[in-house]
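Colleague: So I've got this file, query.cif, and it contains mmCIF, C-alpha atoms:
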data_coords
#
loop_
_atom_site.label_atom_id
_atom_site.label_comp_id
_atom_site.auth_asym_id
_atom_site.auth_seq_id
_atom_site.Cartn_x
_atom_site.Cartn_y
_atom_site.Cartn_z
CA MET A 20 82.13 47.65 103.80
CA THR A 21 80.13 50.61 102.56
CA VAL A 22 78.12 50.69 105.80
CA MET A 23 81.32 50.56 107.86
CA ARG A 24 82.83 53.43 105.88
CA ASN A 25 79.70 55.54 106.43
CA ILE A 26 79.77 54.82 110.16
CA SER A 27 83.50 55.63 110.35
CA GLY A 28 82.95 58.87 108.43
CA LYS A 29 80.18 59.93 110.81
CA ILE A 30 82.29 59.09 113.87
CA ILE A 31 85.21 61.12 112.49
CA GLY A 32 82.85 64.01 111.74
CA ILE A 33 81.49 63.90 115.30
CA PHE A 34 85.01 63.97 116.77
CA MET A 35 85.95 66.89 114.51
CA LEU A 36 82.87 68.85 115.62
CA CYS A 37 83.67 68.08 119.25
CA GLY A 38 87.25 69.25 118.73
CA ILE A 39 86.07 72.52 117.17
CA TYR A 40 83.60 73.06 120.03
CA VAL A 41 86.30 72.44 122.66
CA HIS A 42 88.67 74.79 120.80
CA ILE A 43 86.09 77.60 120.67
CA SER A 44 85.07 77.03 124.30
CA ALA A 45 88.69 77.22 125.46
CA GLN A 46 89.23 80.41 123.47
CA ASP A 47 86.10 82.02 124.93
CA ALA A 48 87.17 81.02 128.44
CA ASP A 49 90.63 82.55 127.98
CA ILE A 50 89.16 85.79 126.58
CA LYS A 51 86.67 85.96 129.45
CA ALA A 52 89.49 85.49 131.94
CA ALA A 53 91.46 88.29 130.27
CA GLU A 54 88.44 90.61 130.37
CA THR A 55 87.90 89.80 134.05
CA ALA A 56 91.53 90.58 134.83
CA TYR A 57 91.26 93.90 132.97
CA THR A 58 88.09 95.00 134.80
CA SER A 59 89.79 94.01 138.08
CA GLU A 60 92.71 96.30 137.12
CA GLN A 61 95.08 93.35 136.96
CA TYR A 62 96.57 94.69 133.76
CA ASP A 63 99.74 92.59 133.81
CA ARG A 64 97.60 89.45 134.03
CA ALA A 65 95.28 90.74 131.30
CA THR A 66 98.17 91.37 128.90
CA GLU A 67 99.57 87.91 129.61
CA LEU A 68 96.21 86.29 128.83
CA TYR A 69 95.56 88.34 125.69
CA GLU A 70 99.04 87.56 124.39
CA SER A 71 98.39 83.86 125.03
CA VAL A 72 95.08 83.98 123.14
CA LEU A 73 96.76 85.68 120.18
CA LYS A 74 99.51 83.07 120.14
CA ASN A 75 97.19 80.07 120.46
CA TYR A 76 94.14 81.10 118.45
CA GLY A 77 95.28 83.74 115.95
CA ASP A 78 94.87 87.50 115.70
CA SER A 79 91.71 89.59 115.67
CA PHE A 80 90.77 93.24 115.92
CA GLU A 81 89.22 92.87 119.37
CA LEU A 82 92.26 91.11 120.82
CA TYR A 83 94.72 93.71 119.56
CA TYR A 84 92.49 96.56 120.74
CA ASN A 85 92.02 95.11 124.23
CA LEU A 86 95.71 94.22 124.47
CA GLY A 87 96.60 97.79 123.51
CA ASN A 88 94.30 99.12 126.23
CA SER A 89 95.89 96.81 128.80
CA TYR A 90 99.41 97.90 127.90
CA TYR A 91 98.33 101.56 127.95
CA LYS A 92 96.99 101.13 131.49
CA MET A 93 100.34 99.61 132.48
CA GLY A 94 102.19 102.62 131.07
CA LYS A 95 103.88 100.57 128.33
CA THR A 96 103.31 103.10 125.57
CA ALA A 97 105.29 101.39 122.80
CA HIS A 98 103.45 98.10 123.33
CA ALA A 99 100.11 99.94 123.35
CA ILE A 100 100.90 101.80 120.11
CA LEU A 101 102.05 98.57 118.43
CA ASN A 102 98.79 96.78 119.21
CA TYR A 103 96.59 99.76 118.30
CA GLU A 104 98.39 99.93 114.95
CA ARG A 105 97.84 96.21 114.40
CA ALA A 106 94.16 96.64 115.22
CA LEU A 107 93.91 99.45 112.66
CA LEU A 108 95.37 97.22 109.95
CA ILE A 109 92.41 94.91 110.43
CA LYS A 110 89.76 97.60 110.98
CA PRO A 111 91.12 100.97 109.80
CA GLY A 112 87.83 102.82 110.16
CA ASP A 113 87.40 102.30 113.90
CA GLY A 114 87.25 105.66 115.67
CA ASP A 115 87.89 104.30 119.18
CA VAL A 116 91.22 102.76 118.18
CA ARG A 117 92.33 105.93 116.39
CA PHE A 118 91.42 108.03 119.45
CA ASN A 119 93.30 105.73 121.83
CA LEU A 120 96.26 105.63 119.46
CA GLU A 121 96.47 109.41 119.46
CA MET A 122 96.28 109.42 123.26
CA ALA A 123 99.16 106.94 123.41
CA LYS A 124 101.24 108.95 120.92
CA GLN A 125 100.96 111.98 123.19
CA GLN A 126 102.98 110.01 125.78
CA THR A 127 105.95 109.58 123.40
CA VAL A 128 109.02 111.84 123.33
CA ASP A 129 109.31 112.30 119.57
CA LYS A 130 106.72 114.60 118.01
CA ILE A 131 106.94 113.89 114.29
CA GLU A 132 105.15 116.34 112.03
CA PRO A 133 103.97 114.42 108.93
CA LEU A 134 104.56 115.88 105.49
CA GLN A 135 101.42 117.38 103.99
CA ASP A 136 99.95 115.08 101.34
CA PHE A 137 98.22 116.34 98.21
CA PHE A 138 94.57 116.86 99.21
CA LEU A 139 93.25 114.31 96.67
CA LYS A 140 95.62 111.65 98.00
CA LYS A 141 94.59 112.48 101.54
CA TRP A 142 90.91 112.30 100.60
CA PHE A 143 91.44 109.02 98.75
CA ARG A 144 93.12 107.42 101.77
CA SER A 145 90.49 108.71 104.20
CA VAL A 146 87.71 107.15 102.10
CA GLN A 147 89.71 103.93 101.77
CA ASN A 148 90.04 103.66 105.55
CA LEU A 149 86.34 104.13 106.24
CA ILE A 150 85.80 100.36 106.30
CA SER A 151 87.90 97.17 106.32
CA VAL A 152 89.21 95.11 103.42
CA ASP A 153 86.46 92.50 103.89
CA SER A 154 83.79 95.21 103.85
CA TRP A 155 85.18 96.70 100.63
CA ALA A 156 85.27 93.24 99.05
CA THR A 157 81.66 92.63 100.08
CA ALA A 158 80.62 96.04 98.75
CA GLY A 159 82.36 95.29 95.45
CA ILE A 160 80.55 91.95 95.06
CA LEU A 161 77.17 93.47 95.96
CA CYS A 162 77.66 96.33 93.52
CA PHE A 163 78.67 93.87 90.79
CA VAL A 164 75.42 91.92 91.27
CA LEU A 165 73.45 95.17 91.08
CA PHE A 166 75.46 96.16 88.00
CA ILE A 167 74.38 92.94 86.26
CA CYS A 168 70.78 93.73 87.18
CA CYS A 169 71.18 97.19 85.62
CA LEU A 170 72.53 95.63 82.42
CA VAL A 171 69.52 93.32 82.27
CA LEU A 172 67.25 96.31 82.84
CA PHE A 173 68.97 98.34 80.12
CA PHE A 174 68.98 95.63 77.43
CA PHE A 175 65.64 93.95 78.06
CA SER A 176 63.32 96.59 79.50
CA LYS A 177 60.60 97.89 77.17
CA TRP A 178 60.28 101.22 78.94
CA MET A 179 62.71 104.01 78.06
CA ARG A 180 62.68 105.41 81.60
CA LEU A 181 63.83 102.09 83.02
CA LYS A 182 66.48 101.81 80.31
CA LYS A 183 67.87 105.23 81.26
CA MET A 184 67.78 104.36 84.95
CA GLY A 185 69.61 101.10 84.29
CA PHE A 186 72.21 102.89 82.14
CA TYR A 187 73.10 105.71 84.53
CA LEU A 188 72.86 103.57 87.67
CA GLY A 189 75.03 100.96 85.97
CA ILE A 190 77.73 103.55 85.27
CA LEU A 191 77.66 104.67 88.91
CA LEU A 192 77.86 101.09 90.15
CA PHE A 193 80.73 100.34 87.77
CA VAL A 194 82.73 103.25 89.21
CA VAL A 195 82.00 102.05 92.75
CA ILE A 196 83.14 98.53 91.80
CA ILE A 197 86.47 99.87 90.52
CA PHE A 198 87.14 101.94 93.64
CA ALA A 199 85.99 99.16 96.00
CA ASN A 200 88.46 96.77 94.38
CA ILE A 201 91.27 99.35 94.53
CA PHE A 202 90.57 100.06 98.22
CA ALA A 203 90.37 96.34 99.07
CA TYR A 204 93.61 95.63 97.18
CA ASN A 205 95.48 98.47 98.91
CA GLN A 206 94.34 97.38 102.36
CA LYS A 207 95.22 93.74 101.65
CA GLU A 208 98.70 94.81 100.54
CA GLU A 209 99.15 96.72 103.80
CA LEU A 210 98.11 93.63 105.75
CA ILE A 211 100.45 91.30 103.87
CA ASN A 212 103.45 93.55 103.24
CA ARG A 213 103.77 95.27 106.58
CA ASN A 214 106.42 97.97 106.39
CA GLY A 215 105.42 99.94 109.47
CA ALA A 216 107.30 99.40 112.75
CA ILE A 217 107.51 100.81 116.27
CA VAL A 218 110.74 101.75 118.05
CA PHE A 219 111.08 99.66 121.22
CA SER A 220 114.46 100.82 122.50
CA PRO A 221 114.28 103.70 125.01
CA THR A 222 116.76 105.68 122.89
CA VAL A 223 118.34 104.77 119.55
CA THR A 224 120.68 106.69 117.27
CA ILE A 225 119.83 106.55 113.57
CA LYS A 226 122.86 106.00 111.33
CA SER A 227 123.73 107.18 107.81
CA SER A 228 124.74 103.64 106.77
CA PRO A 229 123.89 100.04 107.85
CA ASP A 230 126.68 99.73 110.41
CA ASN A 231 127.66 101.15 113.79
CA SER A 232 130.45 103.20 112.23
CA GLY A 233 127.97 105.26 110.21
CA THR A 234 127.45 108.94 110.92
CA ASP A 235 124.91 109.78 113.64
CA LEU A 236 121.91 111.46 111.98
CA PHE A 237 119.27 111.86 114.68
CA VAL A 238 117.88 110.15 117.77
CA LEU A 239 114.55 108.36 118.14
CA HIS A 240 112.78 107.25 121.29
CA GLU A 241 110.48 104.45 122.34
CA GLY A 242 107.03 104.44 120.71
CA THR A 243 107.91 106.30 117.49
CA LYS A 244 106.50 104.85 114.28
CA VAL A 245 108.85 104.31 111.33
CA PHE A 246 108.49 102.85 107.84
CA ILE A 247 110.91 100.19 106.56
CA ARG A 248 112.27 100.97 103.09
CA ASN A 249 115.08 98.47 102.71
CA THR A 250 116.96 95.77 104.62
CA VAL A 251 120.68 94.94 104.68
CA GLY A 252 121.75 92.20 107.09
CA ASP A 253 120.69 93.22 110.61
CA TRP A 254 119.84 96.75 109.56
CA HIS A 255 116.68 98.42 108.24
CA GLU A 256 116.61 101.62 106.21
CA ILE A 257 113.71 103.58 107.66
CA ALA A 258 111.74 106.69 106.81
CA LEU A 259 109.82 108.92 109.21
CA GLU A 260 106.54 110.66 108.50
CA ASP A 261 108.44 113.95 108.22
CA GLY A 262 110.65 112.58 105.41
CA ASN A 263 113.84 111.91 107.39
CA ILE A 264 115.69 108.73 106.38
CA GLY A 265 118.36 106.62 108.09
CA TRP A 266 119.41 103.16 109.24
CA ILE A 267 118.39 101.34 112.42
CA ASN A 268 119.28 97.93 113.83
CA LYS A 269 116.52 95.30 113.63
CA LYS A 270 116.65 94.69 117.37
CA ASP A 271 115.50 98.24 118.10
CA ILE A 272 112.12 98.02 116.36
CA THR A 273 109.12 95.68 116.12
CA VAL A 274 107.22 95.32 112.86
CA ILE A 275 103.52 96.17 113.06
#
Could you spell out this file's structure in structure tokens?

Modeller:
Amino acid sequence: MTVMRNISGKIIGIFMLCGIYVHISAQDADIKAAETAYTSEQYDRATELYESVLKNYGDSFELYYNLGNSYYKMGKTAHAILNYERALLIKPGDGDVRFNLEMAKQQTVDKIEPLQDFFLKKWFRSVQNLISVDSWATAGILCFVLFICCLVLFFFSKWMRLKKMGFYLGILLFVVIIFANIFAYNQKEELINRNGAIVFSPTVTIKSSPDNSGTDLFVLHEGTKVFIRNTVGDWHEIALEDGNIGWINKKDITVI
């Protein structure tokens, strides 16, 4: 019985490995087909294939970035901005995505001037977005290991110079650990609790209350980014980067 169980376990393991291999091979084939369509300037086909890969195999930075490029080539600015923004959530420090996103935003009607943040807050966020959440988590773990080494050096070294080096380097590493964890936590929260959205209706009137009878406040156009503050039924309370606030119907926006 024991021998049979071992054989069965091995057979199941082999089938699982084969299934994983087939899954990866199919994904690679679909991505290759999408890339071929893009280079052949068949952008509608490329977007269809990239969307299919995202639906069947899960999201990734590369897929969102390439899908954004495909939509941009098709002239679908809102779709391009949406996918560039999704790519930035995964890899906020990528310069190519940020450049392409700015190029796409220049094609939109609404030119929203963001409120000026306090310089320390702006600096803090720019440092936070240098690398991804996984990179900050890895940096935090690495620095923690080095911090333990510094503690060992400080407590057990016989040489005063090494003790001092362990002490001061340990303090520096401890500060880096704190900030790395804060940055990783903030980025993870942005990934999980997504409050950014893109307007997909060509033109939409923002209301003063969550109903069609509310007072007209201002008009937004396709491709504009908004931030969801609250939800009542089929309506979202949104805020713009310039501080304006109002209500918009759910059907007019797509969450990043």

Colleague: Could you give me, as a PDB file with C-alpha atoms, keeping the file's coordinate frame, the residues that sit within 9 Å of (99.5, 105.9, 120.4) in the file's coordinates, counting all atoms listed in the file?

Modeller:
ATOM      1  CA  TYR A  91      98.330 101.560 127.950  1.00  0.00           C
ATOM      2  CA  THR A  96     103.310 103.100 125.570  1.00  0.00           C
ATOM      3  CA  ALA A  97     105.290 101.390 122.800  1.00  0.00           C
ATOM      4  CA  ALA A  99     100.110  99.940 123.350  1.00  0.00           C
ATOM      5  CA  ILE A 100     100.900 101.800 120.110  1.00  0.00           C
ATOM      6  CA  LEU A 101     102.050  98.570 118.430  1.00  0.00           C
ATOM      7  CA  TYR A 103      96.590  99.760 118.300  1.00  0.00           C
ATOM      8  CA  GLU A 104      98.390  99.930 114.950  1.00  0.00           C
ATOM      9  CA  ARG A 117      92.330 105.930 116.390  1.00  0.00           C
ATOM     10  CA  PHE A 118      91.420 108.030 119.450  1.00  0.00           C
ATOM     11  CA  ASN A 119      93.300 105.730 121.830  1.00  0.00           C
ATOM     12  CA  LEU A 120      96.260 105.630 119.460  1.00  0.00           C
ATOM     13  CA  GLU A 121      96.470 109.410 119.460  1.00  0.00           C
ATOM     14  CA  MET A 122      96.280 109.420 123.260  1.00  0.00           C
ATOM     15  CA  ALA A 123      99.160 106.940 123.410  1.00  0.00           C
ATOM     16  CA  LYS A 124     101.240 108.950 120.920  1.00  0.00           C
ATOM     17  CA  GLN A 125     100.960 111.980 123.190  1.00  0.00           C
ATOM     18  CA  GLN A 126     102.980 110.010 125.780  1.00  0.00           C
ATOM     19  CA  THR A 127     105.950 109.580 123.400  1.00  0.00           C
ATOM     20  CA  GLY A 242     107.030 104.440 120.710  1.00  0.00           C
ATOM     21  CA  THR A 243     107.910 106.300 117.490  1.00  0.00           C
TER      22      THR A 243
END

Colleague: Would you write out, as a ChimeraX atom specification, every residue that the PyMOL selection byres ((chain A and resi 247-264) around 7) captures in this file?

Modeller: /A:131-134,214-215,229,245-246,265-269

Colleague: So which residues touch Tyr83 in chain A within 7 Å, counting all atoms listed in the file, skipping near sequence neighbours fewer than 3 positions away, as JSON, numbers by chain?

Modeller: {"A": [79, 80, 86, 87, 102, 103, 105, 106]}

Colleague: How would you write, as a PDB file with C-alpha atoms, in the coordinates of the input, the residues chosen by the PyMOL selection byres ((chain A and resi 203-206) around 12) on this structure?

Modeller:
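The result, stored in selection_3.pdb:
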ATOM      1  CA  LEU A 107      93.910  99.450 112.660  1.00  0.00           C
ATOM      2  CA  LEU A 108      95.370  97.220 109.950  1.00  0.00           C
ATOM      3  CA  ILE A 109      92.410  94.910 110.430  1.00  0.00           C
ATOM      4  CA  LYS A 110      89.760  97.600 110.980  1.00  0.00           C
ATOM      5  CA  PRO A 111      91.120 100.970 109.800  1.00  0.00           C
ATOM      6  CA  GLY A 112      87.830 102.820 110.160  1.00  0.00           C
ATOM      7  CA  PHE A 143      91.440 109.020  98.750  1.00  0.00           C
ATOM      8  CA  ARG A 144      93.120 107.420 101.770  1.00  0.00           C
ATOM      9  CA  VAL A 146      87.710 107.150 102.100  1.00  0.00           C
ATOM     10  CA  GLN A 147      89.710 103.930 101.770  1.00  0.00           C
ATOM     11  CA  ASN A 148      90.040 103.660 105.550  1.00  0.00           C
ATOM     12  CA  LEU A 149      86.340 104.130 106.240  1.00  0.00           C
ATOM     13  CA  ILE A 150      85.800 100.360 106.300  1.00  0.00           C
ATOM     14  CA  SER A 151      87.900  97.170 106.320  1.00  0.00           C
ATOM     15  CA  VAL A 152      89.210  95.110 103.420  1.00  0.00           C
ATOM     16  CA  ASP A 153      86.460  92.500 103.890  1.00  0.00           C
ATOM     17  CA  SER A 154      83.790  95.210 103.850  1.00  0.00           C
ATOM     18  CA  TRP A 155      85.180  96.700 100.630  1.00  0.00           C
ATOM     19  CA  ALA A 156      85.270  93.240  99.050  1.00  0.00           C
ATOM     20  CA  THR A 157      81.660  92.630 100.080  1.00  0.00           C
ATOM     21  CA  ALA A 158      80.620  96.040  98.750  1.00  0.00           C
ATOM     22  CA  GLY A 159      82.360  95.290  95.450  1.00  0.00           C
ATOM     23  CA  ILE A 160      80.550  91.950  95.060  1.00  0.00           C
ATOM     24  CA  VAL A 195      82.000 102.050  92.750  1.00  0.00           C
ATOM     25  CA  ILE A 196      83.140  98.530  91.800  1.00  0.00           C
ATOM     26  CA  ILE A 197      86.470  99.870  90.520  1.00  0.00           C
ATOM     27  CA  PHE A 198      87.140 101.940  93.640  1.00  0.00           C
ATOM     28  CA  ALA A 199      85.990  99.160  96.000  1.00  0.00           C
ATOM     29  CA  ASN A 200      88.460  96.770  94.380  1.00  0.00           C
ATOM     30  CA  ILE A 201      91.270  99.350  94.530  1.00  0.00           C
ATOM     31  CA  PHE A 202      90.570 100.060  98.220  1.00  0.00           C
ATOM     32  CA  LYS A 207      95.220  93.740 101.650  1.00  0.00           C
ATOM     33  CA  GLU A 208      98.700  94.810 100.540  1.00  0.00           C
ATOM     34  CA  GLU A 209      99.150  96.720 103.800  1.00  0.00           C
ATOM     35  CA  LEU A 210      98.110  93.630 105.750  1.00  0.00           C
ATOM     36  CA  ILE A 211     100.450  91.300 103.870  1.00  0.00           C
ATOM     37  CA  ASN A 212     103.450  93.550 103.240  1.00  0.00           C
ATOM     38  CA  ARG A 213     103.770  95.270 106.580  1.00  0.00           C
TER      39      ARG A 213
END

Colleague: One decimal, in Å: what's the spacing between CA of Ile50 in chain A and CA of His98 in chain A?

Modeller: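 The value is 19.1 Å.
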
Colleague: So what do you get for CA of Ile275 in chain A versus CA of Ala216 in chain A, distance-wise?

Modeller: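 These two atoms are separated by 5.0 Å.
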
Colleague: Counting all atoms listed in the file, give me one row per residue of range 77-192 of chain A with an atom at most 9 Å from an atom of range 57-72 of chain A, showing the shortest contact pair and its distance in Å to one decimal, sorted by chain then residue number, as a Markdown table.

Modeller:
| residue | atom | partner | partner_atom | distance |
| --- | --- | --- | --- | --- |
| A:Gly77 | CA | A:Val72 | CA | 7.2 |
| A:Asp78 | CA | A:Val72 | CA | 8.2 |
| A:Leu82 | CA | A:Tyr69 | CA | 6.5 |
| A:Tyr83 | CA | A:Tyr69 | CA | 8.2 |
| A:Asn85 | CA | A:Tyr69 | CA | 7.8 |
| A:Leu86 | CA | A:Thr66 | CA | 5.8 |
| A:Gly87 | CA | A:Thr66 | CA | 8.5 |
| A:Ser89 | CA | A:Tyr62 | CA | 5.4 |
| A:Tyr90 | CA | A:Thr66 | CA | 6.7 |
| A:Lys92 | CA | A:Tyr62 | CA | 6.8 |
| A:Met93 | CA | A:Tyr62 | CA | 6.3 |

Colleague: How big is the axis-aligned box around the listed atoms of range 165-178 of chain A once 6 Å is added on each side, and where is its centre? Give both in Å to one decimal, as AutoDock Vina command-line options.

Modeller:
--center_x 67.9 --center_y 97.1 --center_z 84.1 --size_x 27.2 --size_y 20.3 --size_z 25.9

Colleague: Let me know the residues the PyMOL selection byres ((chain A and resi 273) around 7) catches in the file above, as a compact mmCIF listing (two decimals) with C-alpha atoms, keeping the file's coordinate frame.

Modeller:
# COMPACT_ATOMS: atom_id res chain seq x y z
CA ALA A 216 107.30 99.40 112.75
CA ILE A 217 107.51 100.81 116.27
CA VAL A 218 110.74 101.75 118.05
CA PHE A 219 111.08 99.66 121.22
CA ILE A 272 112.12 98.02 116.36
CA VAL A 274 107.22 95.32 112.86
CA ILE A 275 103.52 96.17 113.06

Colleague: Just the number, please: distance in Å from CA of Val194 in chain A to CA of Phe173 in chain A, one decimal.

Modeller: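 Computing the Euclidean distance for CA of Val194 in chain A and CA of Phe173 in chain A yields 17.2 Å.
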
Colleague: Compile the contact shell of Gly189 in chain A as a list in words: residues with an atom at most 12 Å away, counting all atoms listed in the file, same-chain residues fewer than 3 positions apart removed.

Modeller: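 In the requested format, the answer is Cys162, Phe163, Val164, Leu165, Phe166, Ile167, Cys168, Cys169, Leu170, Val171, Leu172, Phe173, Phe174, Leu181, Lys182, Lys183, Met184, Gly185, Phe186, Leu192, Phe193, Val194, Val195 and Ile196 of chain A.
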
Colleague: Restore N, CA, C and O atoms in range 168-189 of chain A and list the result as a PDB file, in the coordinates of the input.

Modeller:
ATOM      1  N   CYS A 168      72.220  93.454  87.223  1.00  0.00           N
ATOM      2  CA  CYS A 168      70.780  93.730  87.180  1.00  0.00           C
ATOM      3  C   CYS A 168      70.494  94.970  86.321  1.00  0.00           C
ATOM      4  O   CYS A 168      69.512  95.005  85.560  1.00  0.00           O
ATOM      5  N   CYS A 169      71.347  95.979  86.426  1.00  0.00           N
ATOM      6  CA  CYS A 169      71.180  97.190  85.620  1.00  0.00           C
ATOM      7  C   CYS A 169      71.381  96.902  84.131  1.00  0.00           C
ATOM      8  O   CYS A 169      70.685  97.460  83.280  1.00  0.00           O
ATOM      9  N   LEU A 170      72.317  96.027  83.813  1.00  0.00           N
ATOM     10  CA  LEU A 170      72.530  95.630  82.420  1.00  0.00           C
ATOM     11  C   LEU A 170      71.295  94.922  81.861  1.00  0.00           C
ATOM     12  O   LEU A 170      70.874  95.177  80.719  1.00  0.00           O
ATOM     13  N   VAL A 171      70.740  94.026  82.677  1.00  0.00           N
ATOM     14  CA  VAL A 171      69.520  93.320  82.270  1.00  0.00           C
ATOM     15  C   VAL A 171      68.392  94.329  82.051  1.00  0.00           C
ATOM     16  O   VAL A 171      67.640  94.254  81.060  1.00  0.00           O
ATOM     17  N   LEU A 172      68.277  95.280  82.951  1.00  0.00           N
ATOM     18  CA  LEU A 172      67.250  96.310  82.840  1.00  0.00           C
ATOM     19  C   LEU A 172      67.437  97.156  81.589  1.00  0.00           C
ATOM     20  O   LEU A 172      66.471  97.475  80.879  1.00  0.00           O
ATOM     21  N   PHE A 173      68.688  97.497  81.288  1.00  0.00           N
ATOM     22  CA  PHE A 173      68.970  98.340  80.120  1.00  0.00           C
ATOM     23  C   PHE A 173      68.703  97.607  78.807  1.00  0.00           C
ATOM     24  O   PHE A 173      68.121  98.171  77.870  1.00  0.00           O
ATOM     25  N   PHE A 174      69.085  96.366  78.696  1.00  0.00           N
ATOM     26  CA  PHE A 174      68.980  95.630  77.430  1.00  0.00           C
ATOM     27  C   PHE A 174      67.603  95.024  77.185  1.00  0.00           C
ATOM     28  O   PHE A 174      67.200  94.853  76.037  1.00  0.00           O
ATOM     29  N   PHE A 175      66.878  94.711  78.245  1.00  0.00           N
ATOM     30  CA  PHE A 175      65.640  93.950  78.060  1.00  0.00           C
ATOM     31  C   PHE A 175      64.376  94.692  78.474  1.00  0.00           C
ATOM     32  O   PHE A 175      63.274  94.204  78.218  1.00  0.00           O
ATOM     33  N   SER A 176      64.518  95.850  79.118  1.00  0.00           N
ATOM     34  CA  SER A 176      63.320  96.590  79.500  1.00  0.00           C
ATOM     35  C   SER A 176      62.668  97.252  78.279  1.00  0.00           C
ATOM     36  O   SER A 176      63.355  97.721  77.371  1.00  0.00           O
ATOM     37  N   LYS A 177      61.349  97.283  78.280  1.00  0.00           N
ATOM     38  CA  LYS A 177      60.600  97.890  77.170  1.00  0.00           C
ATOM     39  C   LYS A 177      60.339  99.371  77.405  1.00  0.00           C
ATOM     40  O   LYS A 177      59.909 100.075  76.486  1.00  0.00           O
ATOM     41  N   TRP A 178      60.575  99.835  78.616  1.00  0.00           N
ATOM     42  CA  TRP A 178      60.280 101.220  78.940  1.00  0.00           C
ATOM     43  C   TRP A 178      61.573 102.042  78.923  1.00  0.00           C
ATOM     44  O   TRP A 178      62.573 101.663  79.551  1.00  0.00           O
ATOM     45  N   MET A 179      61.538 103.155  78.218  1.00  0.00           N
ATOM     46  CA  MET A 179      62.710 104.010  78.060  1.00  0.00           C
ATOM     47  C   MET A 179      63.206 104.553  79.398  1.00  0.00           C
ATOM     48  O   MET A 179      64.417 104.669  79.621  1.00  0.00           O
ATOM     49  N   ARG A 180      62.280 104.870  80.291  1.00  0.00           N
ATOM     50  CA  ARG A 180      62.680 105.410  81.600  1.00  0.00           C
ATOM     51  C   ARG A 180      63.506 104.387  82.383  1.00  0.00           C
ATOM     52  O   ARG A 180      64.502 104.736  83.019  1.00  0.00           O
ATOM     53  N   LEU A 181      63.079 103.124  82.323  1.00  0.00           N
ATOM     54  CA  LEU A 181      63.830 102.090  83.020  1.00  0.00           C
ATOM     55  C   LEU A 181      65.177 101.840  82.358  1.00  0.00           C
ATOM     56  O   LEU A 181      66.170 101.553  83.030  1.00  0.00           O
ATOM     57  N   LYS A 182      65.212 101.957  81.017  1.00  0.00           N
ATOM     58  CA  LYS A 182      66.480 101.810  80.310  1.00  0.00           C
ATOM     59  C   LYS A 182      67.477 102.883  80.751  1.00  0.00           C
ATOM     60  O   LYS A 182      68.647 102.602  80.987  1.00  0.00           O
ATOM     61  N   LYS A 183      66.996 104.132  80.830  1.00  0.00           N
ATOM     62  CA  LYS A 183      67.870 105.230  81.260  1.00  0.00           C
ATOM     63  C   LYS A 183      68.347 105.019  82.691  1.00  0.00           C
ATOM     64  O   LYS A 183      69.536 105.237  83.006  1.00  0.00           O
ATOM     65  N   MET A 184      67.411 104.585  83.555  1.00  0.00           N
ATOM     66  CA  MET A 184      67.780 104.360  84.950  1.00  0.00           C
ATOM     67  C   MET A 184      68.826 103.257  85.050  1.00  0.00           C
ATOM     68  O   MET A 184      69.819 103.381  85.787  1.00  0.00           O
ATOM     69  N   GLY A 185      68.651 102.179  84.289  1.00  0.00           N
ATOM     70  CA  GLY A 185      69.610 101.100  84.290  1.00  0.00           C
ATOM     71  C   GLY A 185      70.970 101.535  83.769  1.00  0.00           C
ATOM     72  O   GLY A 185      72.016 101.125  84.281  1.00  0.00           O
ATOM     73  N   PHE A 186      70.964 102.410  82.736  1.00  0.00           N
ATOM     74  CA  PHE A 186      72.210 102.890  82.140  1.00  0.00           C
ATOM     75  C   PHE A 186      73.012 103.744  83.106  1.00  0.00           C
ATOM     76  O   PHE A 186      74.195 103.487  83.367  1.00  0.00           O
ATOM     77  N   TYR A 187      72.372 104.780  83.665  1.00  0.00           N
ATOM     78  CA  TYR A 187      73.100 105.710  84.530  1.00  0.00           C
ATOM     79  C   TYR A 187      73.471 105.068  85.874  1.00  0.00           C
ATOM     80  O   TYR A 187      74.561 105.302  86.407  1.00  0.00           O
ATOM     81  N   LEU A 188      72.552 104.248  86.419  1.00  0.00           N
ATOM     82  CA  LEU A 188      72.860 103.570  87.670  1.00  0.00           C
ATOM     83  C   LEU A 188      73.970 102.544  87.464  1.00  0.00           C
ATOM     84  O   LEU A 188      74.835 102.367  88.334  1.00  0.00           O
ATOM     85  N   GLY A 189      73.978 101.916  86.296  1.00  0.00           N
ATOM     86  CA  GLY A 189      75.030 100.960  85.970  1.00  0.00           C
ATOM     87  C   GLY A 189      76.396 101.617  85.910  1.00  0.00           C
ATOM     88  O   GLY A 189      77.392 101.058  86.379  1.00  0.00           O
TER      89      GLY A 189
END
